[in-house]
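For reference, run.cif (mmCIF, C-alpha atoms and all ligand atoms):
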data_model
#
loop_
_atom_site.label_atom_id
_atom_site.label_comp_id
_atom_site.auth_asym_id
_atom_site.auth_seq_id
_atom_site.Cartn_x
_atom_site.Cartn_y
_atom_site.Cartn_z
CA MET E 29 7.70 15.57 39.48
CA THR E 30 8.38 14.88 35.82
CA ASN E 31 5.97 12.46 34.21
CA ARG E 32 7.85 9.31 33.12
CA VAL E 33 6.22 7.87 30.00
CA LEU E 34 6.90 4.62 28.17
CA VAL E 35 5.92 4.44 24.50
CA THR E 36 6.14 0.94 23.01
CA GLY E 37 6.43 1.10 19.23
CA GLY E 38 7.99 4.52 19.78
CA ALA E 39 10.03 4.37 16.57
CA GLY E 40 7.00 3.67 14.40
CA PHE E 41 4.86 6.06 12.40
CA ILE E 42 2.36 7.07 15.11
CA GLY E 43 4.76 6.31 18.00
CA SER E 44 7.40 8.75 16.76
CA HIS E 45 4.86 11.59 16.55
CA LEU E 46 3.60 10.69 20.02
CA CYS E 47 7.15 10.68 21.48
CA GLU E 48 7.74 14.10 19.92
CA ARG E 49 4.53 15.52 21.38
CA LEU E 50 5.31 14.11 24.84
CA VAL E 51 8.93 15.32 24.91
CA ASP E 52 7.74 18.79 23.82
CA SER E 53 5.19 18.78 26.64
CA GLY E 54 7.97 18.24 29.23
CA ALA E 55 7.60 14.51 29.86
CA ASP E 56 10.49 12.11 30.38
CA VAL E 57 10.00 9.68 27.48
CA LEU E 58 11.31 6.14 26.95
CA SER E 59 10.82 4.67 23.47
CA VAL E 60 10.87 0.87 23.34
CA ASP E 61 10.93 -0.72 19.89
CA ASN E 62 12.38 -3.76 18.11
CA TYR E 63 12.53 -1.87 14.76
CA PHE E 64 10.48 -4.49 12.92
CA THR E 65 8.55 -1.83 11.00
CA GLY E 66 9.75 1.33 12.71
CA SER E 67 13.14 2.95 12.25
CA LYS E 68 15.70 4.93 14.17
CA ALA E 69 15.39 7.63 11.50
CA ASN E 70 11.85 8.35 12.73
CA ILE E 71 13.15 9.43 16.14
CA ALA E 72 16.66 10.63 15.19
CA HIS E 73 15.59 14.26 15.70
CA LEU E 74 14.69 13.49 19.34
CA VAL E 75 17.89 11.65 20.24
CA GLY E 76 20.08 13.99 22.26
CA ARG E 77 17.15 15.70 23.97
CA PRO E 78 17.85 15.17 27.71
CA THR E 79 14.34 13.82 28.42
CA PHE E 80 14.32 11.27 25.59
CA GLU E 81 15.68 7.74 25.91
CA VAL E 82 15.69 4.80 23.49
CA MET E 83 15.69 1.05 24.15
CA ARG E 84 15.79 -1.79 21.63
CA HIS E 85 13.46 -4.41 23.04
CA ASP E 86 10.76 -6.85 21.89
CA VAL E 87 7.59 -6.49 24.00
CA THR E 88 6.88 -10.22 23.81
CA PHE E 89 9.62 -10.45 26.49
CA PRO E 90 9.21 -9.01 30.00
CA LEU E 91 10.34 -5.46 30.62
CA TYR E 92 11.30 -4.00 33.99
CA VAL E 93 11.37 -0.19 34.06
CA GLU E 94 9.86 2.44 36.36
CA VAL E 95 7.27 4.68 34.67
CA ASP E 96 4.04 6.57 35.41
CA GLU E 97 2.28 6.09 32.05
CA ILE E 98 2.46 3.50 29.28
CA TYR E 99 1.25 3.94 25.70
CA ASN E 100 1.23 0.44 24.16
CA LEU E 101 1.62 0.92 20.40
CA ALA E 102 4.04 -1.90 19.54
CA CYS E 103 2.54 -3.95 16.71
CA PRO E 104 2.97 -3.92 12.93
CA ALA E 105 -0.08 -2.15 11.50
CA SER E 106 -0.10 -2.56 7.73
CA PRO E 107 -1.56 -5.77 6.25
CA ILE E 108 1.68 -6.51 4.32
CA HIS E 109 3.77 -6.28 7.49
CA TYR E 110 1.43 -8.01 9.93
CA GLN E 111 0.88 -10.92 7.52
CA LEU E 112 4.64 -11.45 7.01
CA ASP E 113 4.93 -13.35 10.30
CA PRO E 114 1.34 -13.77 11.55
CA VAL E 115 2.30 -15.84 14.60
CA GLN E 116 4.66 -13.10 15.77
CA THR E 117 1.88 -10.53 15.15
CA THR E 118 -0.48 -12.32 17.55
CA LYS E 119 2.34 -12.81 20.05
CA THR E 120 3.16 -9.11 19.91
CA SER E 121 -0.45 -8.14 20.59
CA VAL E 122 -1.17 -10.77 23.24
CA HIS E 123 2.14 -11.44 25.03
CA GLY E 124 3.03 -7.76 24.56
CA ALA E 125 -0.22 -6.73 26.27
CA ILE E 126 0.32 -9.21 29.13
CA ASN E 127 3.86 -7.94 29.74
CA MET E 128 2.90 -4.27 29.60
CA LEU E 129 -0.13 -4.89 31.84
CA GLY E 130 2.06 -6.80 34.29
CA LEU E 131 4.48 -3.87 34.26
CA ALA E 132 1.64 -1.37 34.78
CA LYS E 133 0.33 -3.47 37.66
CA ARG E 134 3.74 -3.62 39.37
CA VAL E 135 4.53 0.10 39.09
CA LYS E 136 0.88 1.31 39.28
CA ALA E 137 1.11 3.09 35.93
CA ARG E 138 -1.79 4.25 33.78
CA ILE E 139 -1.78 2.23 30.56
CA LEU E 140 -3.28 2.99 27.13
CA GLN E 141 -3.78 0.40 24.41
CA ALA E 142 -3.61 1.34 20.72
CA SER E 143 -6.47 -0.80 19.52
CA THR E 144 -7.98 -0.56 16.08
CA SER E 145 -11.11 -0.23 13.98
CA GLU E 146 -10.16 -3.72 12.74
CA VAL E 147 -11.88 -5.09 15.87
CA TYR E 148 -15.10 -4.26 13.96
CA GLY E 149 -13.93 -6.44 11.03
CA ASP E 150 -16.10 -6.03 7.91
CA PRO E 151 -18.78 -4.09 9.78
CA THR E 152 -22.51 -4.64 9.42
CA VAL E 153 -23.22 -1.46 11.44
CA HIS E 154 -22.38 1.89 9.86
CA PRO E 155 -20.88 4.19 11.10
CA GLN E 156 -19.21 2.08 13.79
CA THR E 157 -20.05 2.87 17.42
CA GLU E 158 -18.09 1.47 20.37
CA GLY E 159 -21.09 -0.70 21.31
CA TYR E 160 -20.83 -2.71 18.09
CA TRP E 161 -19.16 -6.12 18.67
CA GLY E 162 -17.81 -6.52 15.16
CA ASN E 163 -17.81 -8.99 12.31
CA VAL E 164 -14.38 -10.63 12.24
CA ASN E 165 -13.29 -13.80 10.45
CA PRO E 166 -11.28 -15.59 13.16
CA ILE E 167 -9.30 -17.79 10.73
CA GLY E 168 -8.63 -15.49 7.76
CA PRO E 169 -5.40 -13.73 6.77
CA ARG E 170 -6.28 -10.59 8.77
CA ALA E 171 -7.15 -12.57 11.92
CA CYS E 172 -3.62 -12.51 13.40
CA TYR E 173 -4.00 -8.74 13.70
CA ASP E 174 -7.74 -8.38 14.33
CA GLU E 175 -8.05 -11.20 16.87
CA GLY E 176 -4.72 -10.30 18.49
CA LYS E 177 -6.02 -6.77 19.05
CA ARG E 178 -9.39 -8.08 20.27
CA CYS E 179 -7.64 -10.37 22.79
CA ALA E 180 -5.48 -7.44 23.94
CA GLU E 181 -8.68 -5.47 24.64
CA THR E 182 -9.99 -8.46 26.63
CA LEU E 183 -6.78 -8.52 28.68
CA PHE E 184 -6.98 -4.78 29.34
CA PHE E 185 -10.53 -5.06 30.67
CA ASP E 186 -9.73 -8.15 32.74
CA TYR E 187 -6.71 -6.47 34.34
CA HIS E 188 -8.97 -3.49 35.00
CA ARG E 189 -11.67 -5.62 36.67
CA GLN E 190 -9.36 -8.12 38.38
CA HIS E 191 -6.47 -5.86 39.44
CA ALA E 192 -8.07 -2.36 39.33
CA LEU E 193 -5.61 -1.15 36.71
CA ALA E 194 -6.18 2.34 35.28
CA ILE E 195 -6.65 1.46 31.62
CA ARG E 196 -7.56 3.33 28.46
CA VAL E 197 -8.42 1.68 25.14
CA ALA E 198 -8.38 3.73 21.92
CA ARG E 199 -9.85 2.23 18.75
CA ILE E 200 -7.81 3.97 16.09
CA PHE E 201 -9.20 4.31 12.56
CA ASN E 202 -7.02 4.69 9.44
CA THR E 203 -4.35 7.27 10.25
CA TYR E 204 -1.88 8.82 7.80
CA GLY E 205 0.87 11.41 7.68
CA PRO E 206 4.62 11.95 7.47
CA ARG E 207 6.84 8.99 8.54
CA MET E 208 4.50 6.35 7.19
CA HIS E 209 6.69 3.58 5.79
CA PRO E 210 6.88 4.26 2.01
CA ARG E 211 6.60 0.54 1.16
CA ASP E 212 4.25 -0.79 3.81
CA GLY E 213 1.40 -1.13 1.33
CA ARG E 214 -1.09 1.14 3.09
CA VAL E 215 -3.30 3.01 0.73
CA VAL E 216 -2.27 6.62 1.44
CA SER E 217 1.49 5.99 1.27
CA ASN E 218 1.07 3.69 -1.75
CA PHE E 219 -0.94 6.23 -3.75
CA ILE E 220 1.34 9.16 -2.92
CA VAL E 221 4.54 7.27 -3.75
CA GLN E 222 2.99 5.92 -6.96
CA ALA E 223 1.76 9.39 -7.99
CA LEU E 224 5.12 11.05 -7.28
CA GLN E 225 6.99 8.40 -9.25
CA GLY E 226 4.56 8.38 -12.18
CA GLU E 227 3.72 4.71 -11.55
CA PRO E 228 0.18 3.32 -11.94
CA ILE E 229 -2.12 3.93 -8.94
CA THR E 230 -3.13 0.45 -7.76
CA ILE E 231 -6.86 0.26 -6.93
CA TYR E 232 -7.86 -3.01 -5.28
CA GLY E 233 -11.34 -4.14 -6.33
CA ASP E 234 -13.50 -1.50 -7.96
CA GLY E 235 -12.36 1.22 -5.56
CA GLY E 236 -15.90 1.59 -4.18
CA GLN E 237 -14.88 0.48 -0.68
CA THR E 238 -14.64 3.33 1.82
CA ARG E 239 -12.29 4.45 4.56
CA ALA E 240 -12.12 7.52 6.81
CA PHE E 241 -8.65 9.05 7.12
CA CYS E 242 -7.32 10.83 10.20
CA TYR E 243 -4.21 13.02 10.11
CA VAL E 244 -1.58 11.86 12.61
CA ASP E 245 -1.42 15.14 14.59
CA ASP E 246 -5.16 14.92 15.32
CA LEU E 247 -4.82 11.28 16.36
CA VAL E 248 -1.91 12.00 18.72
CA ASP E 249 -3.96 14.79 20.28
CA GLY E 250 -6.75 12.27 20.93
CA LEU E 251 -4.36 9.75 22.50
CA VAL E 252 -2.88 12.36 24.84
CA ARG E 253 -6.37 13.56 25.84
CA LEU E 254 -7.45 10.00 26.54
CA MET E 255 -4.44 9.39 28.79
CA ALA E 256 -5.15 12.66 30.65
CA ALA E 257 -8.86 11.91 31.10
CA PRO E 258 -10.26 10.75 34.47
CA ASP E 259 -9.78 7.04 35.23
CA GLU E 260 -13.51 6.34 34.64
CA VAL E 261 -12.88 7.00 30.95
CA THR E 262 -11.55 3.54 30.13
CA GLY E 263 -12.98 3.47 26.63
CA PRO E 264 -13.01 1.76 24.27
CA VAL E 265 -13.23 5.06 22.47
CA ASN E 266 -13.11 5.53 18.71
CA LEU E 267 -10.45 7.95 17.44
CA GLY E 268 -10.65 8.79 13.77
CA ASN E 269 -11.86 11.32 11.26
CA PRO E 270 -15.49 10.73 10.27
CA GLY E 271 -14.94 12.11 6.74
CA GLU E 272 -15.59 9.01 4.61
CA PHE E 273 -14.18 8.58 1.09
CA THR E 274 -14.13 5.80 -1.48
CA ILE E 275 -10.69 4.55 -2.45
CA LEU E 276 -11.34 5.94 -5.96
CA GLU E 277 -12.01 9.40 -4.49
CA LEU E 278 -8.76 9.17 -2.53
CA ALA E 279 -6.86 8.27 -5.72
CA GLU E 280 -8.36 11.26 -7.54
CA LYS E 281 -7.40 13.63 -4.72
CA VAL E 282 -3.82 12.35 -4.63
CA ILE E 283 -3.49 12.67 -8.42
CA SER E 284 -4.81 16.22 -8.40
CA LEU E 285 -2.73 17.37 -5.38
CA THR E 286 0.50 15.94 -6.85
CA GLY E 287 -0.30 17.01 -10.43
CA SER E 288 0.64 13.46 -11.42
CA ARG E 289 0.01 11.83 -14.79
CA SER E 290 -0.29 8.37 -13.22
CA LYS E 291 -3.12 6.17 -14.52
CA LEU E 292 -5.38 3.96 -12.43
CA GLU E 293 -4.65 0.21 -12.44
CA PHE E 294 -7.34 -2.13 -11.07
CA GLN E 295 -6.14 -5.20 -9.13
CA PRO E 296 -8.00 -7.96 -7.22
CA LEU E 297 -9.48 -7.07 -3.83
CA PRO E 298 -7.57 -8.81 -0.98
CA ARG E 299 -9.51 -11.42 1.01
CA ASP E 300 -11.63 -10.12 3.94
CA ASP E 301 -11.01 -6.49 2.89
CA PRO E 302 -13.69 -4.44 4.74
CA MET E 303 -16.14 -2.73 2.35
CA GLN E 304 -16.88 0.32 4.47
CA ARG E 305 -15.52 2.01 7.55
CA ARG E 306 -16.30 5.26 9.36
CA PRO E 307 -16.02 6.05 13.06
CA ASP E 308 -18.86 7.41 15.14
CA ILE E 309 -16.86 9.82 17.33
CA THR E 310 -19.69 11.03 19.58
CA LEU E 311 -18.05 9.45 22.63
CA ALA E 312 -14.64 11.06 21.99
CA GLY E 313 -16.40 14.42 21.64
CA GLN E 314 -18.25 14.01 24.94
CA ALA E 315 -15.56 12.35 27.06
CA LEU E 316 -12.43 14.02 25.67
CA ASP E 317 -13.76 17.16 23.96
CA TRP E 318 -11.88 15.86 20.93
CA ARG E 319 -12.60 16.10 17.25
CA PRO E 320 -10.18 16.09 14.32
CA ALA E 321 -9.27 19.51 12.91
CA ILE E 322 -7.29 18.67 9.78
CA GLN E 323 -9.16 18.13 6.53
CA LEU E 324 -8.06 15.40 4.11
CA GLU E 325 -6.69 17.81 1.43
CA ASP E 326 -4.62 19.66 4.03
CA GLY E 327 -3.22 16.48 5.60
CA LEU E 328 -2.53 14.92 2.21
CA GLY E 329 -0.63 18.07 1.21
CA ARG E 330 1.64 17.78 4.26
CA THR E 331 2.15 14.05 3.65
CA ILE E 332 2.96 14.63 -0.02
CA ASP E 333 5.61 17.20 0.99
CA TYR E 334 7.18 14.61 3.31
CA PHE E 335 7.32 11.91 0.63
CA LYS E 336 8.65 14.39 -1.97
CA ALA E 337 11.59 15.15 0.34
CA LEU E 338 12.09 11.47 1.20
CA LEU E 339 12.14 10.33 -2.44
CA ALA E 340 14.31 13.22 -3.64
P1 LIG E 401 4.13 1.10 12.67
O1 LIG E 401 4.33 -0.22 12.07
O2 LIG E 401 4.76 2.29 12.02
O3 LIG E 401 4.55 1.11 14.21
C1 LIG E 401 4.57 -0.02 15.02
C2 LIG E 401 5.88 0.00 15.78
O4 LIG E 401 5.91 -1.14 16.67
C3 LIG E 401 7.10 -0.13 14.88
O5 LIG E 401 8.07 0.84 15.23
C4 LIG E 401 7.60 -1.55 15.14
O6 LIG E 401 8.98 -1.70 14.92
C5 LIG E 401 7.18 -1.76 16.57
N1 LIG E 401 7.04 -3.17 16.95
C6 LIG E 401 6.39 -4.15 16.27
N2 LIG E 401 6.46 -5.31 16.94
C7 LIG E 401 7.16 -5.06 18.09
C8 LIG E 401 7.58 -5.85 19.19
N3 LIG E 401 7.28 -7.15 19.26
N4 LIG E 401 8.28 -5.25 20.18
C9 LIG E 401 8.60 -3.95 20.12
N5 LIG E 401 8.23 -3.15 19.09
C10 LIG E 401 7.53 -3.70 18.09
O7 LIG E 401 2.54 1.31 12.75
P2 LIG E 401 1.68 2.56 13.24
O8 LIG E 401 0.76 2.91 12.13
O9 LIG E 401 2.53 3.61 13.82
O10 LIG E 401 0.79 1.87 14.36
C11 LIG E 401 1.05 2.05 15.75
C12 LIG E 401 -0.04 1.38 16.55
O11 LIG E 401 -1.31 1.95 16.24
C13 LIG E 401 -0.16 -0.13 16.28
O12 LIG E 401 -0.43 -0.79 17.48
C14 LIG E 401 -1.36 -0.22 15.36
O13 LIG E 401 -2.01 -1.44 15.48
C15 LIG E 401 -2.21 0.93 15.85
N6 LIG E 401 -3.12 1.42 14.79
C16 LIG E 401 -2.64 2.12 13.72
C17 LIG E 401 -3.52 2.54 12.72
C18 LIG E 401 -3.06 3.33 11.52
O14 LIG E 401 -3.87 3.63 10.66
N7 LIG E 401 -1.82 3.74 11.39
C19 LIG E 401 -4.87 2.21 12.81
C20 LIG E 401 -5.31 1.48 13.90
C21 LIG E 401 -4.43 1.09 14.89
N1 LIG E 402 6.02 -8.21 33.70
C1 LIG E 402 6.91 -7.36 33.11
N2 LIG E 402 7.40 -6.31 33.85
C2 LIG E 402 7.03 -6.09 35.14
C3 LIG E 402 6.10 -6.97 35.72
C4 LIG E 402 5.61 -8.03 34.98
O1 LIG E 402 7.27 -7.51 31.96
O2 LIG E 402 7.50 -5.10 35.71
C5 LIG E 402 5.49 -9.33 32.91
C6 LIG E 402 5.90 -10.70 33.41
O3 LIG E 402 6.46 -11.41 32.32
C7 LIG E 402 4.60 -11.34 33.82
C8 LIG E 402 3.55 -10.57 33.06
O4 LIG E 402 4.09 -9.25 32.95
O5 LIG E 402 4.55 -12.69 33.47
C9 LIG E 402 2.21 -10.51 33.75
O6 LIG E 402 2.40 -10.02 35.04
P1 LIG E 402 1.38 -10.35 36.21
O7 LIG E 402 1.91 -9.73 37.45
O8 LIG E 402 0.02 -9.97 35.79
O9 LIG E 402 1.35 -11.90 36.28
P2 LIG E 402 2.40 -13.00 36.75
O10 LIG E 402 3.66 -12.30 37.15
O11 LIG E 402 1.70 -13.66 37.87
O12 LIG E 402 2.59 -13.87 35.55
N1 LIG E 403 -5.89 -0.30 -1.20
C1 LIG E 403 -5.86 -0.07 -2.57
N2 LIG E 403 -4.65 0.08 -3.17
C2 LIG E 403 -3.48 0.03 -2.49
C3 LIG E 403 -3.51 -0.20 -1.09
C4 LIG E 403 -4.74 -0.38 -0.48
O1 LIG E 403 -6.92 -0.01 -3.21
O2 LIG E 403 -2.42 0.20 -3.12
C5 LIG E 403 -7.20 -0.44 -0.51
C6 LIG E 403 -7.34 -1.69 0.36
O3 LIG E 403 -7.77 -2.78 -0.40
C7 LIG E 403 -8.36 -1.23 1.37
C8 LIG E 403 -8.08 0.28 1.52
O4 LIG E 403 -7.34 0.65 0.37
O5 LIG E 403 -9.66 -1.39 0.85
C9 LIG E 403 -7.29 0.62 2.78
O6 LIG E 403 -6.17 -0.22 2.83
P1 LIG E 403 -5.05 -0.11 3.95
O7 LIG E 403 -4.17 -1.30 3.80
O8 LIG E 403 -4.42 1.22 3.91
O9 LIG E 403 -5.85 -0.17 5.33
P2 LIG E 403 -6.96 -1.14 5.95
O10 LIG E 403 -7.45 -2.08 4.90
O11 LIG E 403 -6.28 -1.85 7.05
O12 LIG E 403 -8.01 -0.20 6.37
#
As structure tokens, please, write out the structure in this file.
Ligand code: NAD
Ligand code: UDP
Ligand code: UDP
Amino acid sequence: MTNRVLVTGGAGFIGSHLCERLVDSGADVLSVDNYFTGSKANIAHLVGRPTFEVMRHDVTFPLYVEVDEIYNLACPASPIHYQLDPVQTTKTSVHGAINMLGLAKRVKARILQASTSEVYGDPTVHPQTEGYWGNVNPIGPRACYDEGKRCAETLFFDYHRQHALAIRVARIFNTYGPRMHPRDGRVVSNFIVQALQGEPITIYGDGGQTRAFCYVDDLVDGLVRLMAAPDEVTGPVNLGNPGEFTILELAEKVISLTGSRSKLEFQPLPRDDPMQRRPDITLAGQALDWRPAIQLEDGLGRTIDYFKALLA
């Protein structure tokens, strides 16, 4: 029988790539999205495929559909977007998780949560392993996202223990690629758009803070492997590329790959901005036989091509 898969946040950056991968693999895919940060353009190329269906819906409200698998990705992910309406951000993570878990419980579906490296906050352990409990400010400007995602993880594990739900929790580290929102303020899209338009490259702080960047195709591969893994593999499991770069190094790479003449412009570091971040992906290697294959230069090249076409 065809696998019926629900993707919440299906019209977003990662969700649209996931929908594409699932439709190509023969699944019957339902994208549910309220288009807060995603767009119909991201999935326009899938509309018309007989196994792809689209629903406008906000996951903070109950949803009654019949599916075999649920990927719960609905949630704004960039600091600019999730801080626009912080109460709604927490509601999306928490009420959204409750509704999708209730749905999974009723129809006995496997359910995967798109969690985040933000659950580690500004980490005091480096690189971050899944056993680390994190260092999160519960009342700062990032808390609506970080604590919302932490509470969603709690709900996933309580539904697992209390109702024997088949859960999977992926802790996703910074992911980039085509279909990122050009104005969502994330560092990769910001730098590429700035470089292509000859605008100053905005470095927050001294640019010494680090991140590890995973290309979206690698990430989607990890999500699909996690869903397909045996039910014992609940996670949480880190998914990200362990290649760690300072923000200054990223700026230099983008400038050289675009051949831009943009200059660097230093701006204040946002509050609670983590100083370093890199996933330990030992568990993903062991449990899922997964490791990222796409190097930063290669992925940046593909992303630059996308933004060149978009801005043209
Ligand atoms: P995105 O903003 O492009 O996608 C999120 C999607 O969810 C959008 O299409 C948005 O319209 C939708 N959405 C938001 N609130 C909703 C609601 N209440 N009901 C229905 N739909 C809603 O972001 P993304 O980068 O594709 O992130 C997808 C998921 O992965 C998010 O849960 C995010 O927290 C997680 N994640 C992403 C990254 C990353 O680096 N991109 C890192 C860690 C975790
Ligand atoms: N829910 C949903 N779709 C379903 C089943 C449940 O959206 O198919 C929602 C519903 O709003 C419910 C929540 O999920 O409140 C949690 O469901 P659960 O069965 O865990 O709890 P209860 O129904 O007792 O609140
Ligand atoms: N950043 C930057 N310039 C920008 C956008 C972001 O220097 O134009 C920095 C930001 O302060 C952070 C890092 O890049 O240290 C990653 O930011 P992003 O918002 O992409 O992701 P997150 O902070 O959630 O990892």
With all atoms of ligand LIG 402 (chain E) from the file as input, state the centre and edge lengths in Å to one decimal of the axis-aligned box that has 6 Å extra on each side, as JSON.
{"center_x": 3.8, "center_y": -9.5, "center_z": 34.9, "size_x": 19.5, "size_y": 20.8, "size_z": 17.9}
Query raised in the report: How far is it from CA of Thr65 (chain E) to CA of Cys47 (chain E), in Å with one decimal?
Result: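 Interatomic distance here is 16.4 Å.
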Could the residues that lie within 9 Å of ligand LIG 403 (chain E), counting all atoms listed in the file, be listed as a short mmCIF file (atom, residue, chain, number, x, y, z; two decimals) with C-alpha atoms, keeping the file's coordinate frame?
data_model
loop_
_atom_site.label_atom_id
_atom_site.label_comp_id
_atom_site.auth_asym_id
_atom_site.auth_seq_id
_atom_site.Cartn_x
_atom_site.Cartn_y
_atom_site.Cartn_z
CA ALA E 105 -0.08 -2.15 11.50
CA SER E 106 -0.10 -2.56 7.73
CA PRO E 107 -1.56 -5.77 6.25
CA ILE E 108 1.68 -6.51 4.32
CA SER E 145 -11.11 -0.23 13.98
CA GLU E 146 -10.16 -3.72 12.74
CA ARG E 170 -6.28 -10.59 8.77
CA PHE E 201 -9.20 4.31 12.56
CA ASN E 202 -7.02 4.69 9.44
CA THR E 203 -4.35 7.27 10.25
CA TYR E 204 -1.88 8.82 7.80
CA ASP E 212 4.25 -0.79 3.81
CA GLY E 213 1.40 -1.13 1.33
CA ARG E 214 -1.09 1.14 3.09
CA VAL E 215 -3.30 3.01 0.73
CA VAL E 216 -2.27 6.62 1.44
CA SER E 217 1.49 5.99 1.27
CA ASN E 218 1.07 3.69 -1.75
CA PHE E 219 -0.94 6.23 -3.75
CA GLN E 222 2.99 5.92 -6.96
CA ILE E 229 -2.12 3.93 -8.94
CA THR E 230 -3.13 0.45 -7.76
CA ILE E 231 -6.86 0.26 -6.93
CA TYR E 232 -7.86 -3.01 -5.28
CA GLY E 233 -11.34 -4.14 -6.33
CA ASP E 234 -13.50 -1.50 -7.96
CA GLY E 235 -12.36 1.22 -5.56
CA GLY E 236 -15.90 1.59 -4.18
CA GLN E 237 -14.88 0.48 -0.68
CA THR E 238 -14.64 3.33 1.82
CA ARG E 239 -12.29 4.45 4.56
CA ALA E 240 -12.12 7.52 6.81
CA THR E 274 -14.13 5.80 -1.48
CA ILE E 275 -10.69 4.55 -2.45
CA LEU E 276 -11.34 5.94 -5.96
CA ALA E 279 -6.86 8.27 -5.72
CA PHE E 294 -7.34 -2.13 -11.07
CA GLN E 295 -6.14 -5.20 -9.13
CA PRO E 296 -8.00 -7.96 -7.22
CA LEU E 297 -9.48 -7.07 -3.83
CA PRO E 298 -7.57 -8.81 -0.98
CA ARG E 299 -9.51 -11.42 1.01
CA ASP E 301 -11.01 -6.49 2.89
CA PRO E 302 -13.69 -4.44 4.74
CA MET E 303 -16.14 -2.73 2.35
CA GLN E 304 -16.88 0.32 4.47
CA ARG E 305 -15.52 2.01 7.55
#
Closest pair table for chain E residues within 6 Å of ligand LIG 401 (chain E), only C-alpha atoms and all ligand atoms, as JSON lines:
{"residue": "E:Gly37", "atom": "CA", "partner": "E:LIG401", "partner_atom": "O4", "distance": 3.4}
{"residue": "E:Gly38", "atom": "CA", "partner": "E:LIG401", "partner_atom": "O5", "distance": 5.9}
{"residue": "E:Ala39", "atom": "CA", "partner": "E:LIG401", "partner_atom": "O5", "distance": 4.3}
{"residue": "E:Gly40", "atom": "CA", "partner": "E:LIG401", "partner_atom": "O5", "distance": 3.1}
{"residue": "E:Phe41", "atom": "CA", "partner": "E:LIG401", "partner_atom": "O9", "distance": 3.7}
{"residue": "E:Ile42", "atom": "CA", "partner": "E:LIG401", "partner_atom": "O9", "distance": 3.7}
{"residue": "E:Gly43", "atom": "CA", "partner": "E:LIG401", "partner_atom": "O9", "distance": 5.5}
{"residue": "E:Asp61", "atom": "CA", "partner": "E:LIG401", "partner_atom": "N5", "distance": 3.7}
{"residue": "E:Asn62", "atom": "CA", "partner": "E:LIG401", "partner_atom": "C9", "distance": 4.3}
{"residue": "E:Tyr63", "atom": "CA", "partner": "E:LIG401", "partner_atom": "O6", "distance": 3.6}
{"residue": "E:Phe64", "atom": "CA", "partner": "E:LIG401", "partner_atom": "O6", "distance": 3.7}
{"residue": "E:Thr65", "atom": "CA", "partner": "E:LIG401", "partner_atom": "O6", "distance": 3.9}
{"residue": "E:Gly66", "atom": "CA", "partner": "E:LIG401", "partner_atom": "O5", "distance": 3.1}
{"residue": "E:His85", "atom": "CA", "partner": "E:LIG401", "partner_atom": "C9", "distance": 5.7}
{"residue": "E:Asp86", "atom": "CA", "partner": "E:LIG401", "partner_atom": "N4", "distance": 3.4}
{"residue": "E:Val87", "atom": "CA", "partner": "E:LIG401", "partner_atom": "N4", "distance": 4.1}
{"residue": "E:Thr88", "atom": "CA", "partner": "E:LIG401", "partner_atom": "N3", "distance": 5.5}
{"residue": "E:Leu101", "atom": "CA", "partner": "E:LIG401", "partner_atom": "O12", "distance": 4.0}
{"residue": "E:Ala102", "atom": "CA", "partner": "E:LIG401", "partner_atom": "O4", "distance": 3.5}
{"residue": "E:Cys103", "atom": "CA", "partner": "E:LIG401", "partner_atom": "C6", "distance": 3.9}
{"residue": "E:Pro104", "atom": "CA", "partner": "E:LIG401", "partner_atom": "O1", "distance": 4.0}
{"residue": "E:Ala105", "atom": "CA", "partner": "E:LIG401", "partner_atom": "O13", "distance": 4.5}
{"residue": "E:Thr120", "atom": "CA", "partner": "E:LIG401", "partner_atom": "N3", "distance": 4.6}
{"residue": "E:Ala142", "atom": "CA", "partner": "E:LIG401", "partner_atom": "O12", "distance": 5.0}
{"residue": "E:Ser143", "atom": "CA", "partner": "E:LIG401", "partner_atom": "C21", "distance": 5.4}
{"residue": "E:Thr144", "atom": "CA", "partner": "E:LIG401", "partner_atom": "C20", "distance": 4.0}
{"residue": "E:Ile200", "atom": "CA", "partner": "E:LIG401", "partner_atom": "C20", "distance": 4.2}
{"residue": "E:Phe201", "atom": "CA", "partner": "E:LIG401", "partner_atom": "C19", "distance": 4.8}
{"residue": "E:Asn202", "atom": "CA", "partner": "E:LIG401", "partner_atom": "O14", "distance": 3.5}
{"residue": "E:Thr203", "atom": "CA", "partner": "E:LIG401", "partner_atom": "O14", "distance": 3.7}
Hey, which residues come within 9 Å of ligand LIG 402 (chain E) if we count all atoms listed in the file? Could you give them as a compact mmCIF listing (two decimals) with C-alpha atoms, in the coordinates of the input?
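Dumped to part-v7.txt:
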# COMPACT_ATOMS: atom_id res chain seq x y z
CA VAL E 87 7.59 -6.49 24.00
CA THR E 88 6.88 -10.22 23.81
CA PHE E 89 9.62 -10.45 26.49
CA PRO E 90 9.21 -9.01 30.00
CA LEU E 91 10.34 -5.46 30.62
CA TYR E 92 11.30 -4.00 33.99
CA VAL E 93 11.37 -0.19 34.06
CA GLU E 94 9.86 2.44 36.36
CA HIS E 123 2.14 -11.44 25.03
CA GLY E 124 3.03 -7.76 24.56
CA ALA E 125 -0.22 -6.73 26.27
CA ILE E 126 0.32 -9.21 29.13
CA ASN E 127 3.86 -7.94 29.74
CA MET E 128 2.90 -4.27 29.60
CA LEU E 129 -0.13 -4.89 31.84
CA GLY E 130 2.06 -6.80 34.29
CA LEU E 131 4.48 -3.87 34.26
CA ALA E 132 1.64 -1.37 34.78
CA LYS E 133 0.33 -3.47 37.66
CA ARG E 134 3.74 -3.62 39.37
CA VAL E 135 4.53 0.10 39.09
CA TYR E 187 -6.71 -6.47 34.34
CA HIS E 191 -6.47 -5.86 39.44
